[in-house]
>>> print(open('structure.cif').read())   # mmCIF, C-alpha atoms
data_entry
loop_
_atom_site.label_atom_id
_atom_site.label_comp_id
_atom_site.auth_asym_id
_atom_site.auth_seq_id
_atom_site.Cartn_x
_atom_site.Cartn_y
_atom_site.Cartn_z
CA MET I 3 12.42 -7.62 -3.94
CA SER I 4 11.88 -9.37 -7.26
CA ASN I 5 10.85 -7.49 -10.34
CA THR I 6 7.82 -9.53 -11.20
CA LYS I 7 6.31 -6.98 -13.54
CA ASN I 8 9.41 -6.74 -15.77
CA LEU I 9 9.62 -3.00 -15.32
CA PHE I 10 12.72 -0.85 -15.41
CA ARG I 11 13.31 -0.36 -11.69
CA PRO I 12 16.96 0.21 -10.74
CA SER I 13 17.21 0.51 -6.99
CA GLU I 14 20.58 2.22 -6.64
CA TYR I 15 22.35 5.07 -8.35
CA PHE I 16 26.01 5.94 -7.99
CA LYS I 17 28.06 8.66 -9.56
CA PRO I 18 31.71 7.75 -9.03
CA ALA I 19 34.30 10.51 -9.08
CA SER I 20 37.12 8.46 -10.57
CA VAL I 21 37.63 5.70 -13.11
CA ALA I 22 39.03 3.50 -10.34
CA GLU I 23 35.88 3.99 -8.29
CA ALA I 24 33.72 3.18 -11.32
CA ILE I 25 35.62 -0.07 -11.90
CA LYS I 26 35.25 -0.95 -8.22
CA LEU I 27 31.50 -0.50 -8.48
CA LEU I 28 31.34 -2.56 -11.65
CA THR I 29 33.30 -5.30 -9.92
CA GLN I 30 31.19 -5.11 -6.81
CA TYR I 31 27.83 -5.27 -8.54
CA GLY I 32 28.70 -7.57 -11.45
CA GLU I 33 25.70 -8.39 -13.61
CA LYS I 34 23.52 -5.98 -11.66
CA GLY I 35 25.63 -2.91 -12.39
CA TRP I 36 24.99 -0.94 -15.60
CA LEU I 37 26.92 2.03 -16.83
CA LEU I 38 24.96 5.21 -17.42
CA ALA I 39 26.38 7.93 -19.65
CA GLY I 40 23.82 9.80 -21.77
CA GLY I 41 21.23 7.19 -20.94
CA THR I 42 19.29 7.46 -24.18
CA GLY I 43 19.98 3.85 -25.15
CA LEU I 44 19.35 2.62 -21.63
CA LEU I 45 16.02 4.43 -21.28
CA VAL I 46 14.69 3.46 -24.66
CA GLU I 47 15.20 -0.19 -23.75
CA LYS I 48 14.25 0.02 -20.05
CA ASP I 49 15.76 -3.40 -19.38
CA PRO I 50 14.24 -4.87 -16.19
CA GLN I 51 17.62 -6.46 -15.37
CA VAL I 52 19.11 -3.07 -14.51
CA GLU I 53 19.44 -2.95 -10.74
CA VAL I 54 22.31 -0.58 -10.15
CA LEU I 55 23.14 2.51 -12.20
CA ILE I 56 26.74 3.69 -12.33
CA ASP I 57 26.79 7.19 -13.78
CA ILE I 58 30.11 7.82 -15.54
CA THR I 59 29.53 11.41 -16.59
CA GLY I 60 31.45 12.71 -13.60
CA LEU I 61 34.77 11.21 -14.70
CA GLY I 62 35.87 14.04 -16.97
CA LEU I 63 35.74 11.81 -20.04
CA ASP I 64 34.12 14.38 -22.30
CA TYR I 65 36.84 16.02 -24.32
CA ILE I 66 38.20 16.20 -27.85
CA LYS I 67 41.94 16.79 -28.12
CA PHE I 68 44.37 16.86 -31.00
CA ASP I 69 48.10 16.79 -31.39
CA GLY I 70 50.22 16.14 -34.44
CA HIS I 71 51.77 12.93 -33.08
CA GLN I 72 48.88 11.09 -31.53
CA GLY I 73 46.07 12.41 -33.66
CA VAL I 74 42.68 12.93 -32.07
CA ARG I 75 41.63 11.68 -28.67
CA ILE I 76 37.93 11.66 -27.84
CA GLY I 77 36.74 10.94 -24.31
CA ALA I 78 34.17 8.18 -24.12
CA THR I 79 31.41 10.35 -22.67
CA THR I 80 31.74 13.08 -25.30
CA THR I 81 28.29 13.86 -26.67
CA PHE I 82 27.35 13.64 -30.34
CA ALA I 83 26.50 17.35 -30.24
CA ASP I 84 30.03 18.16 -29.13
CA ILE I 85 31.44 15.97 -31.89
CA VAL I 86 29.33 17.75 -34.50
CA ALA I 87 30.44 21.15 -33.22
CA SER I 88 34.12 20.29 -32.84
CA PRO I 89 36.47 22.46 -34.89
CA ILE I 90 39.10 19.73 -34.52
CA LEU I 91 36.90 17.11 -36.14
CA GLN I 92 35.22 19.33 -38.71
CA LYS I 93 38.43 19.97 -40.61
CA GLY I 94 39.84 17.48 -43.02
CA PRO I 95 39.24 13.73 -43.19
CA TYR I 96 38.23 13.32 -39.52
CA ASN I 97 35.09 15.06 -40.73
CA VAL I 98 33.60 11.66 -41.59
CA LEU I 99 32.85 11.29 -37.89
CA VAL I 100 31.04 14.63 -37.90
CA GLN I 101 29.01 13.58 -40.94
CA ALA I 102 28.03 10.42 -39.10
CA ALA I 103 27.33 12.16 -35.80
CA CYS I 104 25.02 14.77 -37.28
CA GLN I 105 22.79 12.05 -38.72
CA MET I 106 22.46 10.11 -35.50
CA GLY I 107 19.14 10.44 -33.69
CA THR I 108 17.64 13.87 -33.20
CA PRO I 109 19.12 17.16 -31.95
CA GLN I 110 17.75 16.35 -28.49
CA ILE I 111 19.34 12.92 -28.45
CA ARG I 112 22.64 14.26 -29.76
CA ASN I 113 22.79 16.70 -26.85
CA VAL I 114 22.90 13.81 -24.44
CA ALA I 115 24.01 10.60 -26.17
CA THR I 116 27.71 9.77 -26.01
CA ILE I 117 30.02 8.20 -28.54
CA GLY I 118 31.18 5.62 -26.00
CA GLY I 119 27.60 4.65 -25.32
CA ASN I 120 26.92 4.37 -29.02
CA ILE I 121 29.68 1.88 -29.69
CA CYS I 122 29.36 -0.05 -26.43
CA HIS I 123 25.67 -0.60 -27.12
CA ALA I 124 27.01 -2.40 -30.23
CA VAL I 125 23.84 -2.12 -32.25
CA PRO I 126 24.64 -3.06 -35.88
CA SER I 127 23.29 0.27 -37.13
CA ALA I 128 25.37 2.45 -34.78
CA ASP I 129 26.10 5.52 -36.87
CA SER I 130 29.49 6.29 -35.39
CA ALA I 131 30.81 2.78 -36.08
CA PRO I 132 31.50 2.90 -39.85
CA ALA I 133 33.26 6.24 -39.44
CA LEU I 134 35.41 4.95 -36.57
CA LEU I 135 36.20 1.78 -38.51
CA VAL I 136 37.54 3.65 -41.54
CA LEU I 137 39.45 6.08 -39.32
CA GLY I 138 41.18 3.09 -37.69
CA ALA I 139 40.17 4.04 -34.17
CA THR I 140 41.95 2.57 -31.17
CA LEU I 141 39.99 2.14 -27.96
CA ARG I 142 41.43 2.74 -24.52
CA ILE I 143 39.83 0.52 -21.93
CA ALA I 144 40.27 0.74 -18.18
CA CYS I 145 40.12 -2.33 -15.98
CA SER I 146 41.08 -3.23 -12.43
CA THR I 147 44.62 -4.17 -13.44
CA GLY I 148 45.21 -0.95 -15.36
CA GLU I 149 44.51 -0.33 -18.99
CA ARG I 150 44.43 -2.06 -22.35
CA GLN I 151 44.00 -0.98 -25.93
CA MET I 152 41.99 -2.47 -28.73
CA ASP I 153 41.49 -1.85 -32.41
CA ILE I 154 37.90 -0.96 -33.14
CA ALA I 155 37.87 -3.61 -35.84
CA ASP I 156 38.02 -6.21 -33.05
CA PHE I 157 35.48 -4.55 -30.80
CA PHE I 158 32.11 -5.59 -32.21
CA LEU I 159 31.44 -9.27 -31.61
CA ASP I 160 27.75 -9.73 -32.30
CA VAL I 161 24.44 -7.89 -32.12
CA ARG I 162 24.63 -5.88 -28.88
CA LYS I 163 27.77 -7.69 -27.84
CA ASP I 164 31.06 -5.88 -27.60
CA ALA I 165 34.49 -7.05 -26.47
CA LEU I 166 34.40 -5.34 -23.09
CA ASP I 167 34.52 -7.52 -20.02
CA ARG I 168 31.92 -6.84 -17.38
CA CYS I 169 34.32 -4.89 -15.17
CA GLU I 170 35.87 -2.76 -17.88
CA LEU I 171 35.21 0.81 -18.87
CA LEU I 172 35.86 2.38 -22.25
CA THR I 173 37.61 5.67 -21.50
CA GLU I 174 38.86 7.04 -24.78
CA ILE I 175 38.72 6.70 -28.56
CA GLN I 176 41.90 7.55 -30.43
CA LEU I 177 41.99 8.45 -34.08
CA PRO I 178 45.48 8.17 -35.56
CA PRO I 179 46.96 10.94 -37.70
CA LEU I 180 46.00 10.66 -41.34
CA PRO I 181 48.25 11.09 -44.38
CA THR I 182 47.71 14.01 -46.72
CA ARG I 183 45.54 13.43 -49.77
CA THR I 184 43.13 11.38 -47.68
CA GLY I 185 39.44 11.82 -48.33
CA THR I 186 36.55 10.38 -46.37
CA ALA I 187 32.77 10.31 -46.65
CA PHE I 188 29.73 8.93 -44.84
CA ALA I 189 26.20 8.20 -45.95
CA LYS I 190 23.16 6.97 -44.11
CA LYS I 191 19.82 6.01 -45.45
CA GLY I 192 16.87 5.78 -43.09
CA ARG I 193 13.18 5.43 -43.82
CA VAL I 194 12.80 9.13 -43.12
CA ALA I 195 15.27 11.97 -43.53
CA THR I 196 16.16 12.33 -39.87
CA SER I 197 15.81 10.57 -36.59
CA ASP I 198 15.60 6.98 -37.83
CA LEU I 199 17.95 4.05 -37.39
CA ALA I 200 19.94 3.36 -40.54
CA VAL I 201 18.61 0.97 -43.11
CA VAL I 202 22.22 1.04 -44.29
CA ASN I 203 25.06 3.32 -43.30
CA ALA I 204 28.47 3.44 -44.94
CA ALA I 205 31.80 5.19 -44.57
CA VAL I 206 34.91 5.16 -46.69
CA ARG I 207 38.43 6.47 -46.59
CA VAL I 208 40.79 6.75 -49.51
CA THR I 209 44.34 8.05 -49.68
CA LEU I 210 45.69 8.98 -53.10
CA THR I 211 49.34 8.59 -53.99
CA ALA I 212 51.21 11.23 -55.99
CA GLY I 213 50.25 9.25 -59.08
CA ASN I 214 46.56 9.39 -58.08
CA THR I 215 46.22 5.72 -57.28
CA CYS I 216 44.40 4.47 -54.19
CA GLN I 217 46.29 3.50 -51.11
CA ASP I 218 44.89 2.04 -47.92
CA ALA I 219 41.26 2.31 -48.95
CA ARG I 220 38.75 1.44 -46.25
CA ILE I 221 35.08 0.71 -46.63
CA ALA I 222 32.79 0.12 -43.66
CA LEU I 223 29.10 -0.68 -43.58
CA GLY I 224 26.54 -0.85 -40.81
CA ALA I 225 23.07 -2.30 -40.38
CA VAL I 226 23.89 -5.02 -42.92
CA ALA I 227 25.38 -7.73 -40.71
CA PRO I 228 25.37 -8.62 -37.01
CA VAL I 229 28.19 -6.12 -36.54
CA PRO I 230 29.43 -3.01 -38.35
CA LEU I 231 32.11 -4.33 -40.66
CA ARG I 232 34.79 -3.57 -43.23
CA ALA I 233 34.29 -4.78 -46.79
CA ARG I 234 37.85 -6.03 -47.17
CA GLU I 235 37.58 -7.64 -50.60
CA ALA I 236 36.04 -4.47 -51.99
CA GLU I 237 38.84 -2.48 -50.37
CA ALA I 238 41.48 -4.71 -51.99
CA MET I 239 40.07 -3.95 -55.45
CA LEU I 240 41.07 -0.33 -55.01
CA GLU I 241 44.63 -0.85 -53.85
CA GLY I 242 47.11 0.57 -56.36
CA GLU I 243 44.36 1.44 -58.83
CA GLU I 244 43.14 4.75 -60.17
CA PRO I 245 39.68 5.49 -58.79
CA ARG I 246 37.89 5.54 -62.14
CA GLU I 247 34.13 5.58 -62.16
CA GLU I 248 33.80 2.07 -63.60
CA LEU I 249 36.03 0.68 -60.87
CA LEU I 250 34.09 2.42 -58.11
CA GLU I 251 30.91 0.91 -59.48
CA LYS I 252 32.45 -2.57 -59.30
CA VAL I 253 33.78 -1.92 -55.83
CA GLY I 254 30.29 -0.95 -54.65
CA ALA I 255 28.90 -4.15 -56.10
CA ARG I 256 31.63 -6.22 -54.42
CA ALA I 257 30.97 -4.59 -51.06
CA ALA I 258 27.32 -5.55 -51.40
CA GLU I 259 28.37 -9.18 -51.77
CA GLU I 260 30.37 -9.17 -48.53
CA ILE I 261 27.47 -8.25 -46.28
CA LYS I 262 24.80 -10.40 -44.63
CA PRO I 263 21.76 -8.19 -44.20
CA ILE I 264 18.49 -9.32 -42.70
CA SER I 265 14.99 -8.26 -43.60
CA ASP I 266 13.35 -6.26 -40.85
CA VAL I 267 10.82 -3.52 -40.33
CA ARG I 268 13.17 -0.97 -41.87
CA GLY I 269 13.86 -2.83 -45.10
CA SER I 270 14.34 -6.12 -46.85
CA ALA I 271 17.68 -7.88 -47.24
CA GLU I 272 17.50 -7.34 -51.02
CA TYR I 273 16.91 -3.64 -50.57
CA ARG I 274 19.86 -3.42 -48.21
CA LYS I 275 22.10 -5.16 -50.73
CA THR I 276 21.08 -2.77 -53.49
CA LEU I 277 21.38 0.21 -51.20
CA SER I 278 24.83 -0.84 -49.98
CA CYS I 279 26.09 -1.06 -53.54
CA VAL I 280 24.78 2.42 -54.34
CA LEU I 281 25.91 4.08 -51.11
CA VAL I 282 29.42 2.65 -51.28
CA GLU I 283 29.86 3.88 -54.82
CA ARG I 284 28.50 7.29 -53.84
CA VAL I 285 30.71 7.76 -50.81
CA LEU I 286 33.76 6.54 -52.71
CA LYS I 287 33.22 9.23 -55.31
CA GLU I 288 32.84 11.83 -52.57
CA ALA I 289 35.93 10.64 -50.73
CA VAL I 290 38.04 10.65 -53.88
CA ALA I 291 36.89 14.18 -54.70
CA ARG I 292 37.89 15.28 -51.22
CA ALA I 293 41.27 13.55 -51.46
CA LEU I 294 41.94 15.44 -54.67
CA ALA I 295 40.80 18.79 -53.33
CA MET W 9 15.14 7.39 -2.83
CA ILE W 10 17.54 10.20 -3.63
CA ASN W 11 17.24 13.89 -2.85
CA ILE W 12 17.92 16.14 -5.80
CA THR W 13 17.57 19.83 -6.54
CA LEU W 14 16.09 20.97 -9.81
CA ASN W 15 16.24 24.56 -10.96
CA VAL W 16 13.11 24.92 -13.06
CA ASN W 17 12.32 28.22 -14.75
CA ASP W 18 14.66 29.98 -12.30
CA ASN W 19 13.17 28.48 -9.16
CA GLU W 20 14.79 25.79 -7.03
CA TYR W 21 12.87 22.67 -6.11
CA GLU W 22 14.06 19.98 -3.72
CA VAL W 23 12.52 16.66 -4.59
CA GLU W 24 12.94 13.03 -3.61
CA VAL W 25 13.19 10.66 -6.56
CA ALA W 26 13.80 7.01 -7.31
CA PRO W 27 16.74 6.16 -9.59
CA TYR W 28 14.30 5.16 -12.34
CA HIS W 29 12.14 8.29 -12.36
CA THR W 30 12.59 10.23 -15.56
CA LEU W 31 12.86 14.00 -15.61
CA CYS W 32 9.54 14.03 -17.48
CA ASP W 33 7.87 12.00 -14.68
CA VAL W 34 9.22 14.26 -11.99
CA LEU W 35 8.39 17.52 -13.76
CA ARG W 36 4.85 16.43 -14.57
CA ASN W 37 3.87 14.33 -11.60
CA LYS W 38 5.90 15.56 -8.66
CA LEU W 39 6.29 19.22 -9.54
CA GLU W 40 3.09 19.61 -11.57
CA PHE W 41 4.69 21.14 -14.62
CA THR W 42 2.09 19.40 -16.71
CA GLU W 43 2.92 21.58 -19.71
CA VAL W 44 5.71 19.04 -20.27
CA LYS W 45 3.95 16.40 -22.36
CA ASN W 46 4.76 12.71 -22.56
CA SER W 47 3.74 11.38 -25.93
CA CYS W 48 5.95 8.50 -27.11
CA ASP W 49 8.06 7.94 -23.97
CA SER W 50 10.96 6.91 -26.19
CA GLY W 51 12.65 10.09 -27.37
CA GLU W 52 11.27 9.95 -30.89
CA CYS W 53 8.57 12.63 -30.96
CA GLY W 54 10.07 15.49 -28.98
CA ALA W 55 6.81 16.48 -27.25
CA CYS W 56 8.54 16.20 -23.87
CA THR W 57 11.39 18.51 -24.86
CA VAL W 58 12.71 20.82 -22.17
CA LEU W 59 15.90 22.87 -22.09
CA VAL W 60 18.59 21.58 -19.75
CA ASP W 61 21.41 24.09 -19.36
CA GLY W 62 20.11 25.72 -22.54
CA LYS W 63 20.08 22.58 -24.65
CA PRO W 64 16.96 20.76 -25.87
CA VAL W 65 16.63 17.32 -24.33
CA THR W 66 13.83 14.77 -24.46
CA SER W 67 12.92 14.63 -20.78
CA CYS W 68 11.42 11.15 -21.15
CA LEU W 69 14.91 9.80 -21.79
CA MET W 70 16.66 11.63 -18.99
CA LEU W 71 16.60 10.29 -15.48
CA ALA W 72 15.72 12.87 -12.86
CA VAL W 73 18.99 12.09 -11.08
CA GLN W 74 20.87 13.14 -14.21
CA ALA W 75 19.23 16.57 -13.99
CA ASP W 76 20.28 17.20 -10.40
CA GLY W 77 21.66 20.71 -10.01
CA ARG W 78 20.98 21.65 -13.61
CA LYS W 79 18.98 24.54 -15.02
CA ILE W 80 15.75 23.46 -16.66
CA ILE W 81 13.37 25.54 -18.73
CA THR W 82 9.87 24.36 -19.53
CA ILE W 83 7.53 26.22 -21.86
CA ARG W 84 6.17 28.07 -18.86
CA GLY W 85 9.57 29.69 -18.56
CA LEU W 86 9.55 31.04 -22.11
CA SER W 87 7.25 33.95 -21.40
CA THR W 88 8.37 36.50 -18.83
CA ASP W 89 6.05 38.46 -16.52
CA GLY W 90 3.04 37.51 -18.62
CA GLU W 91 4.65 38.72 -21.84
CA LEU W 92 4.86 36.17 -24.62
CA HIS W 93 8.24 35.44 -26.14
CA PRO W 94 8.56 36.69 -29.74
CA LEU W 95 8.56 33.06 -30.91
CA GLN W 96 5.21 32.52 -29.23
CA GLU W 97 3.80 35.68 -30.84
CA LYS W 98 4.94 34.54 -34.26
CA PHE W 99 3.60 31.03 -33.77
CA ILE W 100 0.18 32.57 -33.18
CA GLU W 101 0.51 35.01 -36.07
CA TYR W 102 1.62 32.38 -38.56
CA GLY W 103 -0.87 29.69 -37.55
CA ALA W 104 1.88 27.39 -36.35
CA VAL W 105 -0.33 25.92 -33.62
CA GLN W 106 -3.21 23.53 -34.27
CA CYS W 107 -3.79 20.93 -31.58
CA GLY W 108 -0.92 22.40 -29.59
CA TYR W 109 0.54 19.12 -28.38
CA CYS W 110 3.90 19.46 -30.09
CA THR W 111 4.02 23.17 -29.43
CA PRO W 112 5.82 23.41 -26.09
CA GLY W 113 8.62 21.15 -27.30
CA MET W 114 8.69 22.83 -30.70
CA LEU W 115 9.01 26.31 -29.18
CA LEU W 116 11.79 25.28 -26.85
CA ALA W 117 13.73 23.64 -29.68
CA ALA W 118 13.28 26.85 -31.67
CA LYS W 119 14.39 28.99 -28.76
CA ALA W 120 17.55 26.94 -28.32
CA LEU W 121 18.28 27.34 -32.04
CA LEU W 122 17.87 31.12 -32.05
CA ASP W 123 19.90 31.50 -28.86
CA GLU W 124 22.80 29.81 -30.61
CA ASN W 125 22.20 30.88 -34.19
CA PRO W 126 20.21 34.11 -34.46
CA ARG W 127 20.10 34.03 -38.27
CA PRO W 128 19.45 30.44 -39.28
CA SER W 129 18.79 29.32 -42.82
CA GLU W 130 15.58 27.46 -43.51
CA GLU W 131 17.56 24.22 -43.60
CA GLU W 132 19.04 24.95 -40.20
CA VAL W 133 15.57 25.63 -38.82
CA ARG W 134 14.28 22.34 -40.18
CA MET W 135 17.27 20.50 -38.73
CA ALA W 136 16.73 22.14 -35.34
CA ILE W 137 13.12 20.95 -35.16
CA SER W 138 13.85 17.57 -36.74
CA GLY W 139 13.41 15.96 -33.32
CA ASN W 140 9.91 17.40 -32.90
CA ILE W 141 7.09 15.67 -34.69
CA CYS W 142 3.96 17.64 -35.59
CA ARG W 143 0.95 15.67 -36.71
CA CYS W 144 -1.15 18.68 -37.69
CA THR W 145 0.62 21.49 -39.47
CA GLY W 146 2.98 19.90 -41.95
CA TYR W 147 5.69 22.13 -40.40
CA GLN W 148 5.49 24.91 -42.98
CA GLN W 149 3.90 27.50 -40.69
CA ILE W 150 6.21 26.48 -37.87
CA VAL W 151 9.28 27.04 -40.02
CA GLU W 152 7.94 30.37 -41.27
CA ALA W 153 7.18 31.53 -37.74
CA ILE W 154 10.71 30.71 -36.60
CA MET W 155 12.29 32.39 -39.64
CA ALA W 156 10.09 35.47 -39.08
CA THR W 157 11.14 35.64 -35.44
CA ALA W 158 14.78 35.44 -36.44
CA ALA W 159 14.32 38.15 -39.08
CA GLU W 160 12.97 40.57 -36.51
CA GLN W 161 15.58 39.94 -33.83
#
>>> encode(input="structure.cif", output="structure tokens")
Amino acid sequence: MSNTKNLFRPSEYFKPASVAEAIKLLTQYGEKGWLLAGGTGLLVEKDPQVEVLIDITGLGLDYIKFDGHQGVRIGATTTFADIVASPILQKGPYNVLVQAACQMGTPQIRNVATIGGNICHAVPSADSAPALLVLGATLRIACSTGERQMDIADFFLDVRKDALDRCELLTEIQLPPLPTRTGTAFAKKGRVATSDLAVVNAAVRVTLTAGNTCQDARIALGAVAPVPLRAREAEAMLEGEEPREELLEKVGARAAEEIKPISDVRGSAEYRKTLSCVLVERVLKEAVARALA
Amino acid sequence: MINITLNVNDNEYEVEVAPYHTLCDVLRNKLEFTEVKNSCDSGECGACTVLVDGKPVTSCLMLAVQADGRKIITIRGLSTDGELHPLQEKFIEYGAVQCGYCTPGMLLAAKALLDENPRPSEEEVRMAISGNICRCTGYQQIVEAIMATAAEQ
């Protein structure tokens, strides 16, 4: 039966009990099979191409675990609300993910939306993305032949296009352990205080050496290019330098030159450039203060 | 079609749904809980908010199949045996209701907040209702009513 009215009308719903079963269904249904986790992204878009729903919330992939060696492991269907409330993530520099999560959507959406869904949707303004980029997240991906891993920096390919193959399932996000004297910060500017997509969002991470110079600084920006991205030239300006105010100002300006924003309903390209410069400087100051604390 | 069971306001309902029916659709149109409003149909306004296992959710963005076996509270379930919930009393007292369209969702978001955090700050109250848009009141009376309810608990 063809969908001549272009309505969202999936005809089948499955809730597999294992990752293997989920992969089998994805393989079986190909282009027709769509993964359903929280569903908030799926239902906002109501794509008429969705024919088969594969619900992955029964796979036990909602967890947040920590150990000293591996760092943090977050299951792909962990909700934003659980991330915000997590004592593991609230402490220390992983907190940048909490800062990002609590500004995503609304309380109602956060109760349901998952971090895996957020990044797999690969919208340029995904709030979790800049935080995950600066934390150096590794993604665990299940496929029919087993499992592979991928650096989050390689995951976003284009607007709404991620590096997952059709028959693959993101199962876990790993955040490596962080050195001491590492500070992080996140900022998001929307048109209104809550519940809006970002006009610009930004995250940074800075580690300070014993001599108070920057080491391994990371700056990530979203909603300013087809994908969330790292401002690598801006990052390089910080390496080995003391984070003085004048330098942070220049770094913000450099970051704003590395982005390719568009003008859309939420803001003009020029506004996004100005905003990026300001937000990067602001979050750098915050991150440095936290690294020193 | 799929058979699901919804526990709504402490009663069980067996209902047959299509994979694409939202919880809002099913509550309003199949089970006649028309107190659940559909305003934006895109999870932005919060008018369709219900509690699912105690947590506020925009029912327009949840498929009915996702709610199978879960405990749902609509605004009808907030009062018990004809007695208004203290939040409802305070909303009336403080003039926090004008057209009333946001009110069911607003009250349920407030209830979920106070169940988890009985002594919220004003900022926490505003955050908790940040997913519920009110076109009439400007939120001030709503915030005051929620704070007053918390103060008396």
>>> interface_residues(input="structure.cif", of="chain W", to="chain I", cutoff="12 Å", atoms="only C-alpha atoms", output="ChimeraX atom specification")
/W:9-11,25-31,48-76,113-114,116-118,120-121,124,132-141
>>> residues_near_point(input="structure.cif", point="(13.4, 38.9, -32.8)", cutoff="10 Å", atoms="only C-alpha atoms", output="PyMOL selection string")
chain W and resi 93-95+98+122+126-127+154-161
>>> atom_distance(input="structure.cif", atom1="CA of Pro132 in chain I", atom2="CA of Ala205 in chain I")
5.3 Å
>>> residues_around(input="structure.cif", residues="range 124-126 of chain I", least_positions_apart="4", cutoff="9 Å", atoms="all atoms listed in the file", output="list in words")
Gly119, Asn120, Ala131, Phe157, Phe158, Leu159, Asp160, Val161, Arg162, Lys163, Asp164, Gly224, Ala225, Val226, Ala227, Pro228, Val229, Pro230 and Leu231 of chain I
>>> residues_around(input="structure.cif", residues="Ala204 in chain I", least_positions_apart="6", cutoff="7 Å", atoms="all atoms listed in the file", output="ChimeraX atom specification")
/I:132,188-190,222-224,281-282
>>> resolve_selection(input="structure.cif", expression="the PyMOL selection byres ((chain W and resi 43) around 8)", output="list of chain:residue names")
W:Arg36, W:Phe41, W:Thr42, W:Val44, W:Lys45, W:Thr82, W:Ile83, W:Arg84, W:Pro112
